[in-house]
file upload_10.pdb (PDB, C-alpha atoms)
MODEL        1
ATOM      1  CA  MET A   1       0.000   0.000   0.000  1.00  0.00           C
ATOM      2  CA  THR A   2       1.341   3.421  -0.883  1.00  0.00           C
ATOM      3  CA  SER A   3      -0.973   5.531   1.288  1.00  0.00           C
ATOM      4  CA  ASN A   4       0.388   7.568   4.158  1.00  0.00           C
ATOM      5  CA  SER A   5      -0.908   6.871   7.636  1.00  0.00           C
ATOM      6  CA  PRO A   6      -3.957   9.026   8.358  1.00  0.00           C
ATOM      7  CA  ASP A   7      -3.363  12.154  10.397  1.00  0.00           C
ATOM      8  CA  ILE A   8      -5.876  12.578  13.211  1.00  0.00           C
ATOM      9  CA  ILE A   9      -6.840  16.176  13.942  1.00  0.00           C
ATOM     10  CA  ILE A  10      -8.881  16.832  17.059  1.00  0.00           C
ATOM     11  CA  SER A  11     -11.268  19.760  16.747  1.00  0.00           C
ATOM     12  CA  THR A  12     -12.193  22.135  19.526  1.00  0.00           C
ATOM     13  CA  GLN A  13     -15.633  22.496  17.993  1.00  0.00           C
ATOM     14  CA  SER A  14     -18.251  22.631  20.744  1.00  0.00           C
ATOM     15  CA  TYR A  15     -21.326  21.826  18.643  1.00  0.00           C
ATOM     16  CA  ALA A  16     -22.333  19.061  16.242  1.00  0.00           C
ATOM     17  CA  LEU A  17     -22.373  19.802  12.536  1.00  0.00           C
ATOM     18  CA  SER A  18     -25.445  18.893  10.554  1.00  0.00           C
ATOM     19  CA  GLU A  19     -25.294  16.329   7.782  1.00  0.00           C
ATOM     20  CA  SER A  20     -26.257  18.995   5.236  1.00  0.00           C
ATOM     21  CA  GLU A  21     -23.354  21.217   6.393  1.00  0.00           C
ATOM     22  CA  LEU A  22     -20.860  18.386   6.055  1.00  0.00           C
ATOM     23  CA  LEU A  23     -22.136  17.221   2.668  1.00  0.00           C
ATOM     24  CA  LYS A  24     -21.173  20.598   1.149  1.00  0.00           C
ATOM     25  CA  ASP A  25     -17.444  19.907   1.607  1.00  0.00           C
ATOM     26  CA  TYR A  26     -17.509  16.142   2.242  1.00  0.00           C
ATOM     27  CA  PRO A  27     -19.983  14.723  -0.318  1.00  0.00           C
ATOM     28  CA  VAL A  28     -19.323  10.999   0.279  1.00  0.00           C
ATOM     29  CA  LYS A  29     -21.057   9.349   3.259  1.00  0.00           C
ATOM     30  CA  SER A  30     -18.999   6.821   5.199  1.00  0.00           C
ATOM     31  CA  SER A  31     -20.152   3.384   6.267  1.00  0.00           C
ATOM     32  CA  ILE A  32     -19.469   4.714   9.787  1.00  0.00           C
ATOM     33  CA  GLU A  33     -22.447   6.776  10.879  1.00  0.00           C
ATOM     34  CA  GLY A  34     -21.644  10.467  11.269  1.00  0.00           C
ATOM     35  CA  TRP A  35     -18.527  10.436   9.040  1.00  0.00           C
ATOM     36  CA  PHE A  36     -18.185  11.990   5.589  1.00  0.00           C
ATOM     37  CA  PHE A  37     -15.416  11.987   2.952  1.00  0.00           C
ATOM     38  CA  SER A  38     -13.977  14.301   0.346  1.00  0.00           C
ATOM     39  CA  ILE A  39     -11.977  12.676  -2.462  1.00  0.00           C
ATOM     40  CA  GLU A  40      -9.700  14.847  -4.589  1.00  0.00           C
ATOM     41  CA  GLN A  41      -7.388  13.726  -7.364  1.00  0.00           C
ATOM     42  CA  VAL A  42      -4.317  15.923  -6.815  1.00  0.00           C
ATOM     43  CA  ASP A  43      -2.039  14.397  -9.447  1.00  0.00           C
ATOM     44  CA  THR A  44      -2.048  11.573 -11.951  1.00  0.00           C
ATOM     45  CA  PHE A  45      -2.885   8.446  -9.921  1.00  0.00           C
ATOM     46  CA  VAL A  46      -2.689  10.358  -6.603  1.00  0.00           C
ATOM     47  CA  CYS A  47      -5.744  11.026  -4.421  1.00  0.00           C
ATOM     48  CA  TYR A  48      -6.108  13.128  -1.296  1.00  0.00           C
ATOM     49  CA  ILE A  49      -8.867  11.810   0.972  1.00  0.00           C
ATOM     50  CA  LYS A  50     -10.260  13.892   3.845  1.00  0.00           C
ATOM     51  CA  ALA A  51     -12.799  12.702   6.399  1.00  0.00           C
ATOM     52  CA  LYS A  52     -14.742  14.633   9.007  1.00  0.00           C
ATOM     53  CA  ASN A  53     -17.429  13.657  11.465  1.00  0.00           C
ATOM     54  CA  ILE A  54     -20.348  15.572  12.909  1.00  0.00           C
ATOM     55  CA  TYR A  55     -18.322  16.339  16.057  1.00  0.00           C
ATOM     56  CA  GLY A  56     -15.456  17.992  14.169  1.00  0.00           C
ATOM     57  CA  PHE A  57     -12.925  15.160  14.253  1.00  0.00           C
ATOM     58  CA  GLU A  58     -10.894  15.083  11.037  1.00  0.00           C
ATOM     59  CA  THR A  59      -8.463  12.718   9.393  1.00  0.00           C
ATOM     60  CA  SER A  60      -6.801  12.566   5.986  1.00  0.00           C
ATOM     61  CA  THR A  61      -4.448  10.548   3.831  1.00  0.00           C
ATOM     62  CA  SER A  62      -3.039  10.623   0.336  1.00  0.00           C
ATOM     63  CA  GLY A  63      -1.601   8.013  -1.952  1.00  0.00           C
ATOM     64  CA  SER A  64      -1.729   6.245  -5.270  1.00  0.00           C
ATOM     65  CA  ASP A  65      -4.022   3.419  -4.165  1.00  0.00           C
ATOM     66  CA  ASP A  66      -7.602   3.148  -5.422  1.00  0.00           C
ATOM     67  CA  ALA A  67      -9.798   5.814  -3.759  1.00  0.00           C
ATOM     68  CA  ASP A  68     -12.288   3.207  -2.479  1.00  0.00           C
ATOM     69  CA  PHE A  69      -9.436   1.253  -0.894  1.00  0.00           C
ATOM     70  CA  MET A  70      -8.142   4.425   0.768  1.00  0.00           C
ATOM     71  CA  VAL A  71     -11.599   5.254   2.148  1.00  0.00           C
ATOM     72  CA  LYS A  72     -11.804   1.754   3.683  1.00  0.00           C
ATOM     73  CA  TYR A  73      -8.284   2.269   5.082  1.00  0.00           C
ATOM     74  CA  ILE A  74      -9.359   5.495   6.796  1.00  0.00           C
ATOM     75  CA  GLU A  75     -12.536   3.843   8.111  1.00  0.00           C
ATOM     76  CA  ASP A  76     -10.419   1.042   9.607  1.00  0.00           C
ATOM     77  CA  SER A  77      -8.114   3.649  11.172  1.00  0.00           C
ATOM     78  CA  ILE A  78     -11.097   5.510  12.641  1.00  0.00           C
ATOM     79  CA  ARG A  79     -12.414   2.282  14.174  1.00  0.00           C
ATOM     80  CA  ARG A  80      -9.003   1.384  15.637  1.00  0.00           C
ATOM     81  CA  GLU A  81      -8.517   4.887  17.064  1.00  0.00           C
ATOM     82  CA  SER A  82     -12.024   4.831  18.525  1.00  0.00           C
ATOM     83  CA  LEU A  83     -11.353   1.522  20.277  1.00  0.00           C
ATOM     84  CA  ARG A  84      -8.337   3.145  21.941  1.00  0.00           C
ATOM     85  CA  GLY A  85     -10.562   6.036  23.074  1.00  0.00           C
ATOM     86  CA  GLY A  86      -8.887   8.612  20.857  1.00  0.00           C
ATOM     87  CA  MET A  87     -11.817   9.459  18.597  1.00  0.00           C
ATOM     88  CA  TYR A  88     -15.571   9.263  18.874  1.00  0.00           C
ATOM     89  CA  PHE A  89     -17.836   7.695  16.275  1.00  0.00           C
ATOM     90  CA  ILE A  90     -21.368   6.342  16.265  1.00  0.00           C
ATOM     91  CA  GLU A  91     -22.116   2.887  14.925  1.00  0.00           C
TER      92      GLU A  91
ENDMDL
END
call {"tool": "encode", "arguments": {"input": "upload_10.pdb", "output": "C-alpha coordinates"}}
result
Amino acid sequence: MTSNSPDIIISTQSYALSESELLKDYPVKSSIEGWFFSIEQVDTFVCYIKAKNIYGFETSTSGSDDADFMVKYIEDSIRRESLRGGMYFIE
(Lines of atoms letter the chains of each structure in order from A and count residues from 1; the text may use other names and numbers.)
(Lines give C-alpha, C1' and ligand atoms only; values in the text may rest on other atoms or scores of the structure.)
Protein backbone atom coordinates (compact mmCIF):
# COMPACT_ATOMS: atom_id res chain seq x y z
CA MET A 1 0.00 0.00 0.00
CA THR A 2 1.34 3.42 -0.88
CA SER A 3 -0.97 5.53 1.29
CA ASN A 4 0.39 7.57 4.16
CA SER A 5 -0.91 6.87 7.64
CA PRO A 6 -3.96 9.03 8.36
CA ASP A 7 -3.36 12.15 10.40
CA ILE A 8 -5.88 12.58 13.21
CA ILE A 9 -6.84 16.18 13.94
CA ILE A 10 -8.88 16.83 17.06
CA SER A 11 -11.27 19.76 16.75
CA THR A 12 -12.19 22.13 19.53
CA GLN A 13 -15.63 22.50 17.99
CA SER A 14 -18.25 22.63 20.74
CA TYR A 15 -21.33 21.83 18.64
CA ALA A 16 -22.33 19.06 16.24
CA LEU A 17 -22.37 19.80 12.54
CA SER A 18 -25.45 18.89 10.55
CA GLU A 19 -25.29 16.33 7.78
CA SER A 20 -26.26 18.99 5.24
CA GLU A 21 -23.35 21.22 6.39
CA LEU A 22 -20.86 18.39 6.06
CA LEU A 23 -22.14 17.22 2.67
CA LYS A 24 -21.17 20.60 1.15
CA ASP A 25 -17.44 19.91 1.61
CA TYR A 26 -17.51 16.14 2.24
CA PRO A 27 -19.98 14.72 -0.32
CA VAL A 28 -19.32 11.00 0.28
CA LYS A 29 -21.06 9.35 3.26
CA SER A 30 -19.00 6.82 5.20
CA SER A 31 -20.15 3.38 6.27
CA ILE A 32 -19.47 4.71 9.79
CA GLU A 33 -22.45 6.78 10.88
CA GLY A 34 -21.64 10.47 11.27
CA TRP A 35 -18.53 10.44 9.04
CA PHE A 36 -18.19 11.99 5.59
CA PHE A 37 -15.42 11.99 2.95
CA SER A 38 -13.98 14.30 0.35
CA ILE A 39 -11.98 12.68 -2.46
CA GLU A 40 -9.70 14.85 -4.59
CA GLN A 41 -7.39 13.73 -7.36
CA VAL A 42 -4.32 15.92 -6.82
CA ASP A 43 -2.04 14.40 -9.45
CA THR A 44 -2.05 11.57 -11.95
CA PHE A 45 -2.89 8.45 -9.92
CA VAL A 46 -2.69 10.36 -6.60
CA CYS A 47 -5.74 11.03 -4.42
CA TYR A 48 -6.11 13.13 -1.30
CA ILE A 49 -8.87 11.81 0.97
CA LYS A 50 -10.26 13.89 3.84
CA ALA A 51 -12.80 12.70 6.40
CA LYS A 52 -14.74 14.63 9.01
CA ASN A 53 -17.43 13.66 11.46
CA ILE A 54 -20.35 15.57 12.91
CA TYR A 55 -18.32 16.34 16.06
CA GLY A 56 -15.46 17.99 14.17
CA PHE A 57 -12.92 15.16 14.25
CA GLU A 58 -10.89 15.08 11.04
CA THR A 59 -8.46 12.72 9.39
CA SER A 60 -6.80 12.57 5.99
CA THR A 61 -4.45 10.55 3.83
CA SER A 62 -3.04 10.62 0.34
CA GLY A 63 -1.60 8.01 -1.95
CA SER A 64 -1.73 6.24 -5.27
CA ASP A 65 -4.02 3.42 -4.16
CA ASP A 66 -7.60 3.15 -5.42
CA ALA A 67 -9.80 5.81 -3.76
CA ASP A 68 -12.29 3.21 -2.48
CA PHE A 69 -9.44 1.25 -0.89
CA MET A 70 -8.14 4.42 0.77
CA VAL A 71 -11.60 5.25 2.15
CA LYS A 72 -11.80 1.75 3.68
CA TYR A 73 -8.28 2.27 5.08
CA ILE A 74 -9.36 5.50 6.80
CA GLU A 75 -12.54 3.84 8.11
CA ASP A 76 -10.42 1.04 9.61
CA SER A 77 -8.11 3.65 11.17
CA ILE A 78 -11.10 5.51 12.64
CA ARG A 79 -12.41 2.28 14.17
CA ARG A 80 -9.00 1.38 15.64
CA GLU A 81 -8.52 4.89 17.06
CA SER A 82 -12.02 4.83 18.53
CA LEU A 83 -11.35 1.52 20.28
CA ARG A 84 -8.34 3.15 21.94
CA GLY A 85 -10.56 6.04 23.07
CA GLY A 86 -8.89 8.61 20.86
CA MET A 87 -11.82 9.46 18.60
CA TYR A 88 -15.57 9.26 18.87
CA PHE A 89 -17.84 7.70 16.28
CA ILE A 90 -21.37 6.34 16.27
CA GLU A 91 -22.12 2.89 14.92
call {"tool": "closest_residue", "arguments": {"input": "upload_10.pdb", "among": "A:Ile49, A:Pro27, A:Gly85, A:Asp43", "to": "Val71 in chain A", "atoms": "all atoms listed in the file"}}
result
A:Ile49
call {"tool": "closest_residue", "arguments": {"input": "upload_10.pdb", "among": "A:Thr44, A:Ser77, A:Ser62, A:Asn53", "to": "Leu17 in chain A", "atoms": "all atoms listed in the file"}}
result
A:Asn53
call {"tool": "closest_residue", "arguments": {"input": "upload_10.pdb", "among": "A:Ala51, A:Ala16, A:Leu23, A:Ala67", "to": "Trp35 in chain A", "atoms": "only C-alpha atoms"}}
result
A:Ala51
call {"tool": "closest_residue", "arguments": {"input": "upload_10.pdb", "among": "A:Gly63, A:Ile54, A:Glu81, A:Tyr48", "to": "Ser30 in chain A", "atoms": "only C-alpha atoms"}}
result
A:Ile54
call {"tool": "resolve_selection", "arguments": {"input": "upload_10.pdb", "expression": "the PyMOL selection byres ((chain A and resi 36) around 12)", "output": "ChimeraX atom specification"}}
result
/A:17-35,37-39,49-60,71,74-75,78,89
call {"tool": "resolve_selection", "arguments": {"input": "upload_10.pdb", "expression": "the PyMOL selection byres ((chain A and resi 66) around 10)", "output": "PyMOL selection string"}}
result
chain A and resi 1+3+45-47+63-65+67-71
call {"tool": "build_atoms", "arguments": {"input": "upload_10.pdb", "residues": "range 67-79 of chain A", "atoms": "N, CA and C atoms", "output": "mmCIF file, in the frame of the given file"}}
result
data_model
loop_
_atom_site.group_PDB
_atom_site.id
_atom_site.type_symbol
_atom_site.label_atom_id
_atom_site.label_comp_id
_atom_site.auth_asym_id
_atom_site.auth_seq_id
_atom_site.Cartn_x
_atom_site.Cartn_y
_atom_site.Cartn_z
ATOM 1 N N ALA A 67 -9.114 4.948 -4.728
ATOM 2 C CA ALA A 67 -9.798 5.814 -3.759
ATOM 3 C C ALA A 67 -10.698 5.014 -2.820
ATOM 4 N N ASP A 68 -11.424 4.023 -3.339
ATOM 5 C CA ASP A 68 -12.288 3.207 -2.479
ATOM 6 C C ASP A 68 -11.473 2.453 -1.434
ATOM 7 N N PHE A 69 -10.318 1.945 -1.834
ATOM 8 C CA PHE A 69 -9.436 1.253 -0.894
ATOM 9 C C PHE A 69 -8.968 2.221 0.196
ATOM 10 N N MET A 70 -8.624 3.441 -0.202
ATOM 11 C CA MET A 70 -8.142 4.425 0.768
ATOM 12 C C MET A 70 -9.237 4.848 1.739
ATOM 13 N N VAL A 71 -10.475 4.942 1.260
ATOM 14 C CA VAL A 71 -11.599 5.254 2.148
ATOM 15 C C VAL A 71 -11.753 4.145 3.179
ATOM 16 N N LYS A 72 -11.709 2.889 2.746
ATOM 17 C CA LYS A 72 -11.804 1.754 3.683
ATOM 18 C C LYS A 72 -10.643 1.778 4.680
ATOM 19 N N TYR A 73 -9.463 2.161 4.217
ATOM 20 C CA TYR A 73 -8.284 2.269 5.082
ATOM 21 C C TYR A 73 -8.524 3.312 6.179
ATOM 22 N N ILE A 74 -9.067 4.461 5.800
ATOM 23 C CA ILE A 74 -9.359 5.495 6.796
ATOM 24 C C ILE A 74 -10.444 5.009 7.759
ATOM 25 N N GLU A 75 -11.485 4.359 7.230
ATOM 26 C CA GLU A 75 -12.536 3.843 8.111
ATOM 27 C C GLU A 75 -11.964 2.847 9.121
ATOM 28 N N ASP A 76 -11.077 1.979 8.681
ATOM 29 C CA ASP A 76 -10.419 1.042 9.607
ATOM 30 C C ASP A 76 -9.605 1.795 10.649
ATOM 31 N N SER A 77 -8.910 2.841 10.237
ATOM 32 C CA SER A 77 -8.114 3.649 11.172
ATOM 33 C C SER A 77 -9.007 4.354 12.191
ATOM 34 N N ILE A 78 -10.148 4.860 11.734
ATOM 35 C CA ILE A 78 -11.097 5.510 12.641
ATOM 36 C C ILE A 78 -11.590 4.508 13.682
ATOM 37 N N ARG A 79 -11.941 3.309 13.234
ATOM 38 C CA ARG A 79 -12.414 2.282 14.174
ATOM 39 C C ARG A 79 -11.334 1.914 15.195
#
